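Below is one structure, written out as structure tokens; comments come after it.
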Amino acid sequence: MHIYYVSLRKIAQKMIKTKQEVEQFLNQFNIKFDVWGIFYLNRDKNNEALKALGITAKARDEIVRQLKSDDYVETLQADFFNEMWVFGRDVDGSELYIKIALGQPNSNTICISFHVAEHPIKYVYK
């Protein structure tokens with residue numbers, strides 16, 4: 001088991017990946033999710049969103065698994081996670097902000113953010 005302490009304030013740069021790169025990432029992410037599972041950061045914002053929207057843990061997993069390149073927003077280069085991939089998804093009329101990463105080798109994938117978007121989301125491929 002890995003324990004993560006995260007400071008997301010050291011984001012080096014924002015990048016836009018090609019649609020093919022996004023699809024490759026999502027394929028890698030889902031394969032790794034199937035093998036190692038996913039770790040959701042325990043953040044108040046994430047927990048409040050689940051409760052407010054009535055999303056179960058199983059439904060959250062399915063929402064993350066069903067992300068598509070059309071849901072892509074941007075990629076953030078960061079010290080600890082290397083790359084964090086940002087997606088948006090409409091769930092019952094609420095736009096969710098979802099930030100995921102592959103995590104360390106031979107370990108679970110990571111969901112850093114899963115909450116209602118604080119600002120309108122600008123999708124790259126929609």
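Each chain in the structure tokens gets a letter, A, B, ..., in the order shown, and its residues are numbered from 1; ligands are numbered from 1 in order too.
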
As a PyMOL selection string, please: every residue in region 10-118 of chain A that a backbone DSSP assignment puts in helix (DSSP H, G or I). chain A and resi 19-36+44-53+57-65+69-71

Pull the closest atom pair for each residue of region 98-125 of chain A that gets at most 8 Å from region 27-32 of chain A, along with the distance in Å to one decimal, counting only C-alpha atoms, ordering rows by chain and then ascending residue number, as JSON lines.
```
{"residue": "A:Ala101", "atom": "CA", "partner": "A:Phe29", "partner_atom": "CA", "distance": 7.8}
{"residue": "A:Leu102", "atom": "CA", "partner": "A:Phe29", "partner_atom": "CA", "distance": 5.9}
{"residue": "A:Asn108", "atom": "CA", "partner": "A:Lys32", "partner_atom": "CA", "distance": 7.0}
{"residue": "A:Thr109", "atom": "CA", "partner": "A:Lys32", "partner_atom": "CA", "distance": 6.6}
```

As a list in words, please: the residues near Lys45 (chain A) (cut-off 8 Å, only C-alpha atoms, same-chain neighbours under 2 positions excluded). Arg43, Asn47, Glu48, Ala49, Phe114 and His115 of chain A

Restrict the selected residues to N, CA and C atoms and save them as an mmCIF file, in the first residue's frame.
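Ended up saving to out26.cif:
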```cif
data_model
loop_
_atom_site.group_PDB
_atom_site.id
_atom_site.type_symbol
_atom_site.label_atom_id
_atom_site.label_comp_id
_atom_site.auth_asym_id
_atom_site.auth_seq_id
_atom_site.Cartn_x
_atom_site.Cartn_y
_atom_site.Cartn_z
ATOM 1 N N ARG A 43 -10.508 13.908 -0.026
ATOM 2 C CA ARG A 43 -10.588 15.370 0.082
ATOM 3 C C ARG A 43 -12.037 15.743 0.359
ATOM 4 N N ASN A 47 -15.573 14.269 -1.349
ATOM 5 C CA ASN A 47 -16.582 13.568 -0.536
ATOM 6 C C ASN A 47 -17.922 14.289 -0.545
ATOM 7 N N GLU A 48 -17.889 15.613 -0.473
ATOM 8 C CA GLU A 48 -19.132 16.402 -0.494
ATOM 9 C C GLU A 48 -19.867 16.243 -1.814
ATOM 10 N N ALA A 49 -19.117 16.169 -2.914
ATOM 11 C CA ALA A 49 -19.745 16.010 -4.233
ATOM 12 C C ALA A 49 -20.465 14.671 -4.333
ATOM 13 N N PHE A 114 -12.602 14.702 -7.926
ATOM 14 C CA PHE A 114 -13.874 14.203 -8.451
ATOM 15 C C PHE A 114 -14.952 15.021 -7.759
ATOM 16 N N HIS A 115 -15.262 16.185 -8.354
ATOM 17 C CA HIS A 115 -16.209 17.099 -7.718
ATOM 18 C C HIS A 115 -16.882 17.968 -8.768
#
```

DSSP-assigned strand (DSSP E or B) among region 6-56 of chain A, expressed as a count of residues only: 8

Option closest in space to Glu74 (chain A), from A:Phe25, A:Ala57, A:Cys111, A:Lys122 [counting only C-alpha atoms]: A:Lys122

Extract, using only C-alpha atoms, all DNA, RNA and protein residues at most 9 Å from region 81-88 of chain A, discarding same-chain residues fewer than 2 positions from it, and format them as number ranges by chain. A: 22, 25, 67-79, 90, 95-104, 110, 112-113, 117, 121-123
